[in-house]
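J.: Structure: my_file-v6.pdb, PDB, C-alpha atoms.
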ATOM      1  CA  MET A   1      26.981  -3.197  15.658
ATOM      2  CA  LYS A   2      24.412  -5.785  16.709
ATOM      3  CA  ILE A   3      24.972  -9.401  15.652
ATOM      4  CA  ILE A   4      22.404 -10.602  13.105
ATOM      5  CA  GLY A   5      21.254 -14.209  13.462
ATOM      6  CA  LEU A   6      20.163 -15.819  10.195
ATOM      7  CA  ILE A   7      18.116 -19.011   9.947
ATOM      8  CA  GLY A   8      18.877 -19.967   6.341
ATOM      9  CA  GLY A   9      18.916 -22.870   3.948
ATOM     10  CA  MET A  10      15.264 -22.457   2.884
ATOM     11  CA  SER A  11      16.581 -22.380   0.221
ATOM     12  CA  TRP A  12      20.329 -21.700   0.391
ATOM     13  CA  GLU A  13      19.911 -19.912  -2.966
ATOM     14  CA  SER A  14      18.091 -17.046  -1.272
ATOM     15  CA  SER A  15      20.166 -17.300   1.922
ATOM     16  CA  ALA A  16      23.232 -16.466  -0.155
ATOM     17  CA  GLU A  17      21.410 -13.331  -1.311
ATOM     18  CA  TYR A  18      20.721 -12.353   2.296
ATOM     19  CA  TYR A  19      24.431 -12.653   3.124
ATOM     20  CA  ARG A  20      25.449 -10.632   0.051
ATOM     21  CA  ILE A  21      22.883  -7.857   0.549
ATOM     22  CA  ILE A  22      23.540  -7.497   4.282
ATOM     23  CA  ASN A  23      27.294  -7.178   3.798
ATOM     24  CA  GLU A  24      27.007  -4.826   0.831
ATOM     25  CA  GLU A  25      24.623  -2.600   2.809
ATOM     26  CA  VAL A  26      26.963  -2.472   5.814
ATOM     27  CA  LYS A  27      29.895  -1.610   3.536
ATOM     28  CA  GLN A  28      27.856   1.120   1.838
ATOM     29  CA  ARG A  29      26.807   2.675   5.143
ATOM     30  CA  LEU A  30      30.108   2.393   7.048
ATOM     31  CA  GLY A  31      32.692   2.342   4.249
ATOM     32  CA  GLY A  32      36.204   0.971   4.414
ATOM     33  CA  LEU A  33      36.535  -2.739   5.100
ATOM     34  CA  HIS A  34      33.400  -2.939   7.228
ATOM     35  CA  SER A  35      31.218  -6.029   6.967
ATOM     36  CA  ALA A  36      28.286  -7.367   8.965
ATOM     37  CA  LYS A  37      28.524  -9.191  12.257
ATOM     38  CA  CYS A  38      26.274 -12.167  11.635
ATOM     39  CA  VAL A  39      25.767 -15.822  12.497
ATOM     40  CA  LEU A  40      24.157 -18.233  10.029
ATOM     41  CA  TYR A  41      22.428 -21.500  10.890
ATOM     42  CA  SER A  42      21.599 -23.243   7.619
ATOM     43  CA  VAL A  43      19.041 -26.060   7.871
ATOM     44  CA  ASP A  44      18.482 -28.957   5.471
ATOM     45  CA  PHE A  45      15.606 -27.691   3.322
ATOM     46  CA  GLU A  46      14.558 -31.220   2.356
ATOM     47  CA  GLU A  47      13.555 -31.880   5.966
ATOM     48  CA  ILE A  48      11.582 -28.637   6.142
ATOM     49  CA  GLU A  49       9.842 -29.188   2.793
ATOM     50  CA  VAL A  50       8.698 -32.665   3.876
ATOM     51  CA  CYS A  51       7.204 -31.097   7.009
ATOM     52  CA  GLN A  52       5.421 -28.525   4.825
ATOM     53  CA  SER A  53       4.040 -31.144   2.433
ATOM     54  CA  ASP A  54       2.897 -33.401   5.281
ATOM     55  CA  GLY A  55       1.353 -30.544   7.265
ATOM     56  CA  GLU A  56       3.757 -31.207  10.147
ATOM     57  CA  TRP A  57       4.246 -27.531  11.013
ATOM     58  CA  ASP A  58       4.898 -28.329  14.690
ATOM     59  CA  LYS A  59       7.845 -30.506  13.685
ATOM     60  CA  ALA A  60       9.193 -27.762  11.414
ATOM     61  CA  ALA A  61       8.789 -25.287  14.274
ATOM     62  CA  GLN A  62      10.868 -27.547  16.530
ATOM     63  CA  ILE A  63      13.672 -27.730  13.963
ATOM     64  CA  LEU A  64      13.737 -23.965  13.500
ATOM     65  CA  THR A  65      13.451 -23.267  17.230
ATOM     66  CA  GLU A  66      16.573 -25.356  17.823
ATOM     67  CA  ALA A  67      18.305 -23.337  15.093
ATOM     68  CA  ALA A  68      17.188 -20.098  16.765
ATOM     69  CA  ARG A  69      18.458 -21.269  20.154
ATOM     70  CA  SER A  70      21.813 -22.075  18.599
ATOM     71  CA  LEU A  71      22.008 -18.571  17.139
ATOM     72  CA  GLU A  72      21.085 -17.020  20.473
ATOM     73  CA  ALA A  73      23.787 -19.105  22.196
ATOM     74  CA  ALA A  74      26.271 -17.959  19.539
ATOM     75  CA  GLY A  75      25.638 -14.331  20.475
ATOM     76  CA  ALA A  76      22.989 -13.148  17.997
ATOM     77  CA  ASP A  77      21.086 -10.057  19.141
ATOM     78  CA  PHE A  78      18.084 -10.679  16.902
ATOM     79  CA  ILE A  79      16.989 -13.186  14.264
ATOM     80  CA  LEU A  80      15.890 -13.227  10.645
ATOM     81  CA  ILE A  81      14.061 -16.275   9.308
ATOM     82  CA  CYS A  82      15.331 -16.212   5.711
ATOM     83  CA  THR A  83      12.097 -17.435   4.121
ATOM     84  CA  ASN A  84       8.557 -16.081   3.955
ATOM     85  CA  THR A  85       6.709 -19.389   4.283
ATOM     86  CA  MET A  86       8.247 -20.456   7.584
ATOM     87  CA  HIS A  87       7.059 -17.251   9.225
ATOM     88  CA  LYS A  88       3.948 -19.386   9.712
ATOM     89  CA  VAL A  89       5.662 -20.708  12.866
ATOM     90  CA  THR A  90       7.224 -17.435  14.052
ATOM     91  CA  ASN A  91       5.216 -17.384  17.286
ATOM     92  CA  GLU A  92       6.366 -20.886  18.217
ATOM     93  CA  ILE A  93      10.006 -20.004  17.516
ATOM     94  CA  GLN A  94       9.772 -16.710  19.399
ATOM     95  CA  ALA A  95       8.369 -18.512  22.436
ATOM     96  CA  GLY A  96      11.523 -20.623  22.598
ATOM     97  CA  ILE A  97      14.104 -17.805  22.633
ATOM     98  CA  HIS A  98      14.833 -14.538  24.427
ATOM     99  CA  ILE A  99      15.876 -12.343  21.478
ATOM    100  CA  PRO A 100      13.495 -10.764  18.945
ATOM    101  CA  ILE A 101      12.608 -12.059  15.489
ATOM    102  CA  MET A 102      12.369  -9.407  12.763
ATOM    103  CA  HIS A 103       9.189 -10.377  10.886
ATOM    104  CA  ILE A 104       9.532 -10.196   7.108
ATOM    105  CA  ALA A 105       5.882  -9.209   6.548
ATOM    106  CA  ASP A 106       6.118  -6.257   8.945
ATOM    107  CA  ILE A 107       9.187  -4.867   7.163
ATOM    108  CA  THR A 108       7.391  -5.331   3.833
ATOM    109  CA  ALA A 109       4.238  -3.588   5.081
ATOM    110  CA  GLN A 110       6.314  -0.583   6.195
ATOM    111  CA  GLN A 111       7.725  -0.170   2.701
ATOM    112  CA  VAL A 112       4.359  -0.647   0.990
ATOM    113  CA  LEU A 113       2.804   2.052   3.182
ATOM    114  CA  ALA A 114       5.802   4.337   2.644
ATOM    115  CA  LYS A 115       4.883   4.366  -1.045
ATOM    116  CA  GLU A 116       1.253   5.107  -0.118
ATOM    117  CA  ILE A 117       0.087   1.879  -1.745
ATOM    118  CA  LYS A 118      -3.156   0.389  -0.417
ATOM    119  CA  THR A 119      -3.589  -2.738  -2.587
ATOM    120  CA  VAL A 120      -0.904  -5.298  -3.425
ATOM    121  CA  GLY A 121      -0.713  -8.548  -5.332
ATOM    122  CA  LEU A 122       1.026 -11.334  -3.406
ATOM    123  CA  LEU A 123       3.224 -13.996  -5.021
ATOM    124  CA  GLY A 124       4.758 -16.794  -2.964
ATOM    125  CA  THR A 125       4.448 -20.459  -2.121
ATOM    126  CA  LYS A 126       0.913 -21.848  -2.031
ATOM    127  CA  TYR A 127       1.115 -21.716   1.777
ATOM    128  CA  THR A 128       1.959 -18.001   1.783
ATOM    129  CA  MET A 129      -0.628 -17.102  -0.846
ATOM    130  CA  GLU A 130      -3.505 -19.214   0.474
ATOM    131  CA  GLN A 131      -3.110 -19.183   4.268
ATOM    132  CA  ASP A 132      -3.588 -16.189   6.573
ATOM    133  CA  PHE A 133      -0.361 -16.179   8.613
ATOM    134  CA  TYR A 134       1.330 -13.773   6.169
ATOM    135  CA  LYS A 135      -1.553 -11.905   4.553
ATOM    136  CA  SER A 136      -3.036 -11.029   7.945
ATOM    137  CA  ARG A 137       0.084  -9.048   8.877
ATOM    138  CA  LEU A 138      -0.426  -6.845   5.805
ATOM    139  CA  VAL A 139      -4.198  -6.580   6.244
ATOM    140  CA  ALA A 140      -3.683  -5.502   9.879
ATOM    141  CA  LYS A 141      -1.736  -2.506   8.543
ATOM    142  CA  GLY A 142      -4.631  -1.549   6.232
ATOM    143  CA  ILE A 143      -3.230  -3.131   3.066
ATOM    144  CA  LYS A 144      -5.584  -5.064   0.783
ATOM    145  CA  VAL A 145      -4.027  -8.283  -0.539
ATOM    146  CA  LEU A 146      -4.869  -9.915  -3.889
ATOM    147  CA  ILE A 147      -3.629 -13.379  -4.842
ATOM    148  CA  PRO A 148      -3.470 -15.086  -8.255
ATOM    149  CA  LYS A 149      -6.246 -17.391  -9.440
ATOM    150  CA  ASP A 150      -5.989 -21.132  -8.746
ATOM    151  CA  ALA A 151      -4.105 -22.180 -11.884
ATOM    152  CA  ASP A 152      -1.683 -19.273 -11.565
ATOM    153  CA  ARG A 153      -0.990 -20.066  -7.911
ATOM    154  CA  GLU A 154      -0.012 -23.567  -8.996
ATOM    155  CA  ILE A 155       2.406 -22.136 -11.573
ATOM    156  CA  VAL A 156       3.975 -19.743  -9.067
ATOM    157  CA  ASN A 157       4.414 -22.497  -6.473
ATOM    158  CA  THR A 158       5.814 -25.047  -8.930
ATOM    159  CA  VAL A 159       8.408 -22.619 -10.289
ATOM    160  CA  ILE A 160       9.562 -21.836  -6.745
ATOM    161  CA  TYR A 161      10.110 -25.429  -5.651
ATOM    162  CA  ASN A 162      11.101 -27.077  -8.934
ATOM    163  CA  GLU A 163      13.271 -24.291 -10.361
ATOM    164  CA  LEU A 164      14.226 -21.354  -8.137
ATOM    165  CA  CYS A 165      15.070 -23.383  -5.025
ATOM    166  CA  LEU A 166      17.334 -25.468  -7.277
ATOM    167  CA  GLY A 167      19.067 -22.427  -8.735
ATOM    168  CA  GLN A 168      17.345 -22.676 -12.128
ATOM    169  CA  ILE A 169      16.385 -19.353 -13.755
ATOM    170  CA  VAL A 170      14.109 -20.067 -16.738
ATOM    171  CA  ASP A 171      13.034 -17.341 -19.177
ATOM    172  CA  GLU A 172       9.740 -19.111 -19.908
ATOM    173  CA  SER A 173       8.897 -19.031 -16.211
ATOM    174  CA  ARG A 174       9.724 -15.321 -16.026
ATOM    175  CA  ALA A 175       7.245 -14.748 -18.868
ATOM    176  CA  LYS A 176       4.579 -16.686 -16.947
ATOM    177  CA  TYR A 177       5.219 -14.640 -13.814
ATOM    178  CA  LYS A 178       4.993 -11.392 -15.802
ATOM    179  CA  SER A 179       1.605 -12.484 -17.161
ATOM    180  CA  ILE A 180       0.386 -13.337 -13.652
ATOM    181  CA  ILE A 181       1.616  -9.962 -12.378
ATOM    182  CA  GLU A 182      -0.250  -8.169 -15.172
ATOM    183  CA  ASP A 183      -3.427 -10.044 -14.227
ATOM    184  CA  LEU A 184      -3.072  -8.888 -10.610
ATOM    185  CA  ILE A 185      -2.534  -5.308 -11.786
ATOM    186  CA  GLU A 186      -5.717  -5.526 -13.860
ATOM    187  CA  GLN A 187      -7.516  -6.616 -10.680
ATOM    188  CA  GLY A 188      -6.318  -3.450  -8.946
ATOM    189  CA  ALA A 189      -2.879  -4.211  -7.515
ATOM    190  CA  GLU A 190      -0.826  -1.024  -7.151
ATOM    191  CA  GLY A 191       2.282  -2.995  -6.174
ATOM    192  CA  ILE A 192       3.449  -6.604  -6.142
ATOM    193  CA  VAL A 193       4.920  -8.307  -3.076
ATOM    194  CA  LEU A 194       7.473 -10.957  -4.010
ATOM    195  CA  GLY A 195       6.495 -12.981  -0.959
ATOM    196  CA  CYS A 196       9.012 -15.756  -1.462
ATOM    197  CA  THR A 197      12.699 -15.121  -0.925
ATOM    198  CA  GLU A 198      13.644 -16.765  -4.236
ATOM    199  CA  ILE A 199      11.314 -14.848  -6.574
ATOM    200  CA  GLY A 200      13.651 -11.859  -6.714
ATOM    201  CA  LEU A 201      16.169 -14.121  -8.454
ATOM    202  CA  LEU A 202      13.729 -14.405 -11.372
ATOM    203  CA  VAL A 203      11.574 -11.276 -11.428
ATOM    204  CA  LYS A 204      13.157  -7.816 -11.607
ATOM    205  CA  PRO A 205      11.684  -4.290 -11.401
ATOM    206  CA  GLU A 206      11.625  -3.983 -15.192
ATOM    207  CA  ASP A 207       9.280  -6.989 -15.347
ATOM    208  CA  SER A 208       6.420  -5.034 -13.755
ATOM    209  CA  THR A 209       4.608  -1.784 -14.528
ATOM    210  CA  VAL A 210       3.981  -1.226 -10.798
ATOM    211  CA  PRO A 211       6.492  -1.264  -7.896
ATOM    212  CA  LEU A 212       7.852  -4.635  -6.801
ATOM    213  CA  PHE A 213       8.549  -5.320  -3.130
ATOM    214  CA  ASP A 214      11.373  -7.860  -3.005
ATOM    215  CA  THR A 215      11.016  -9.264   0.509
ATOM    216  CA  THR A 216      14.568 -10.637   0.593
ATOM    217  CA  LEU A 217      16.004  -7.198  -0.166
ATOM    218  CA  LEU A 218      13.687  -5.392   2.256
ATOM    219  CA  HIS A 219      14.278  -7.883   5.076
ATOM    220  CA  ALA A 220      18.062  -7.798   4.674
ATOM    221  CA  ILE A 221      18.280  -4.002   4.501
ATOM    222  CA  GLY A 222      15.897  -3.699   7.451
ATOM    223  CA  ALA A 223      18.180  -5.954   9.464
ATOM    224  CA  VAL A 224      21.185  -3.750   8.739
ATOM    225  CA  GLY A 225      19.258  -0.688   9.829
ATOM    226  CA  PHE A 226      18.401  -2.344  13.146
ATOM    227  CA  ALA A 227      21.922  -3.706  13.618
ATOM    228  CA  LEU A 228      23.440  -0.236  13.191
ATOM    229  CA  GLU A 229      20.932   1.705  15.289
TER
END
Translate the structure described by the file into structure tokens.
T.:
Amino acid sequence: MKIIGLIGGMSWESSAEYYRIINEEVKQRLGGLHSAKCVLYSVDFEEIEVCQSDGEWDKAAQILTEAARSLEAAGADFILICTNTMHKVTNEIQAGIHIPIMHIADITAQQVLAKEIKTVGLLGTKYTMEQDFYKSRLVAKGIKVLIPKDADREIVNTVIYNELCLGQIVDESRAKYKSIIEDLIEQGAEGIVLGCTEIGLLVKPEDSTVPLFDTTLLHAIGAVGFALE
């Protein structure tokens, strides 16, 4: 079994889900008392969020590269960055280590294509929805990406940072997300990518009339598959 390196804490709410899913998947596949071999480096999300807000992506990359180096030194065979947004600096982190990073967008694209879906709606932080670092990975695989309109992007982003990252699950916010999802479906989305690792805490498959792609779930299960190859 390969050792999975996890860069977590962004937020710890979703990092806890990674740990749970990875261990449950290993137990399901191997049975008995088996659990995952993994190493977690949990950063202080406040520091990362300030870097995001101030546009100091280089500084955030330095923090996460140090985390990745620590995981490599601890014996990790590959790394998961347990957040969609910070995949913006994947190349910088990868340049600083000698073990591979499993990119969350690539795993997601594989699953979208497996369902023969060509157009998806993307929900996530404003950085993930508006910038190209994430969308371009899907587009490169032939997947068309739709994002919510301006006001809806603000709602999605605010709920992530002000509620989900703080462990708050609000029914009113779920209703808003469902409305935004329906709008994306009306625009032609055949599936919805939950492109923030916390959204799966709020939105469930029954909240959408088209398939949901929970990136936390897909990333974690993908890691187990690679670890057990």
J.: Return the single residue from A:Ile4, A:Val112, A:Ile180, A:Ile99 that is closest to Asp150 (chain A), with distances computed using only C-alpha atoms.
T.: A:Ile180
J.: How would you write, as JSON, numbers by chain, the residues chosen by the PyMOL selection byres ((chain A and resi 177) around 10) on this structure?
T.: {"A": [123, 152, 155, 156, 159, 171, 172, 173, 174, 175, 176, 178, 179, 180, 181, 182, 183, 199, 202, 203, 207, 208]}
J.: Which protein, DNA or RNA residues have an atom at most 12 Å from (-6.1, -10.5, -1.5), counting only C-alpha atoms? List them as a PyMOL selection string.
T.: chain A and resi 118-123+128-132+134-136+138-139+142-149+184+187-189+192-193
J.: Name the closest residue to Gly96 (chain A) among the candidates A:Arg20, A:Lys115, A:Arg69, A:Arg137; distances are taken between atoms, counting only C-alpha atoms.
T.: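 Checking each candidate against Gly96 (chain A), we get A:Arg69 as the closest.
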J.: With the file shown as input, list the residues that the PyMOL selection byres ((chain A and resi 9) around 10) selects, as a tab-separated table (two decimals) with C-alpha atoms, keeping the file's coordinate frame.
T.:
chain	number	residue	atom	x	y	z
A	6	LEU	CA	20.16	-15.82	10.20
A	7	ILE	CA	18.12	-19.01	9.95
A	8	GLY	CA	18.88	-19.97	6.34
A	10	MET	CA	15.26	-22.46	2.88
A	11	SER	CA	16.58	-22.38	0.22
A	12	TRP	CA	20.33	-21.70	0.39
A	13	GLU	CA	19.91	-19.91	-2.97
A	14	SER	CA	18.09	-17.05	-1.27
A	15	SER	CA	20.17	-17.30	1.92
A	16	ALA	CA	23.23	-16.47	-0.16
A	40	LEU	CA	24.16	-18.23	10.03
A	41	TYR	CA	22.43	-21.50	10.89
A	42	SER	CA	21.60	-23.24	7.62
A	43	VAL	CA	19.04	-26.06	7.87
A	44	ASP	CA	18.48	-28.96	5.47
A	45	PHE	CA	15.61	-27.69	3.32
A	46	GLU	CA	14.56	-31.22	2.36
A	48	ILE	CA	11.58	-28.64	6.14
A	81	ILE	CA	14.06	-16.27	9.31
A	82	CYS	CA	15.33	-16.21	5.71
A	83	THR	CA	12.10	-17.43	4.12
A	165	CYS	CA	15.07	-23.38	-5.03
J.: Excluding same-chain residues fewer than 5 positions from Ala95 (chain A), what lies within 12 Å of it counting all atoms listed in the file, as a list in words?
T.: Ala61, Gln62, Leu64, Thr65, Glu66, Ala68, Arg69, Val89, Thr90, Pro100 and Ile101 of chain A
J.: Compile the contact shell of Met102 (chain A) as a PyMOL selection string: residues with an atom at most 10 Å away, counting all atoms listed in the file, same-chain residues fewer than 2 positions apart removed.
T.: chain A and resi 78-81+90+99-100+104-107+219+222-223+226
J.: State, in Å with one decimal place, the distance from CA of Val210 (chain A) to CA of Val224 (chain A).
T.: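 If I compute the distance from CA of Val210 (chain A) to CA of Val224 (chain A), I get 26.2 Å.
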J.: Quick one: pull the distance between CA of Glu229 (chain A) and CA of Cys196 (chain A), Å, one decimal.
T.: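 We find that CA of Glu229 (chain A) and CA of Cys196 (chain A) lie 27.0 Å from each other.
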J.: Where does the PyMOL selection byres ((chain A and resi 26) around 10) land in this file, that is, which residues does it pick, as a list in words?
T.: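 Those residues are Met1, Ile21, Ile22, Asn23, Glu24, Glu25, Lys27, Gln28, Arg29, Leu30, Gly31, Gly32, Leu33, His34, Ser35, Ala36, Lys37, Ile221, Val224, Gly225, Ala227 and Leu228 of chain A.
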J.: So the first atom is CA of Ile63 (chain A) and the second is CA of Asp214 (chain A); what is the distance between them in Å, to one decimal place?
T.: 26.2 Å
J.: Any idea what's packed within 10 Å of region 161-163 of chain A, counting all atoms listed in the file, ignoring anything in its chain fewer than 3 positions away? Could you give it as an MDAnalysis selection string?
T.: chainID A and resid 11 49 125 156:158 166:170 173 198 202
J.: Between A:Ser70, A:Thr85, A:Thr197, A:Thr216, which one has atoms that come closest to Lys126 (chain A), using only C-alpha atoms?
T.: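 Counting only C-alpha atoms, the residue closest to Lys126 (chain A) is A:Thr85.
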J.: Using all atoms listed in the file, which protein or nucleic acid residues come within 10 Å of Gln52 (chain A)? Drop anything in the same chain fewer than 6 positions from it, and give the result as an NGL selection string.
T.: :A and (46 or 58-60 or 85-86 or 127)
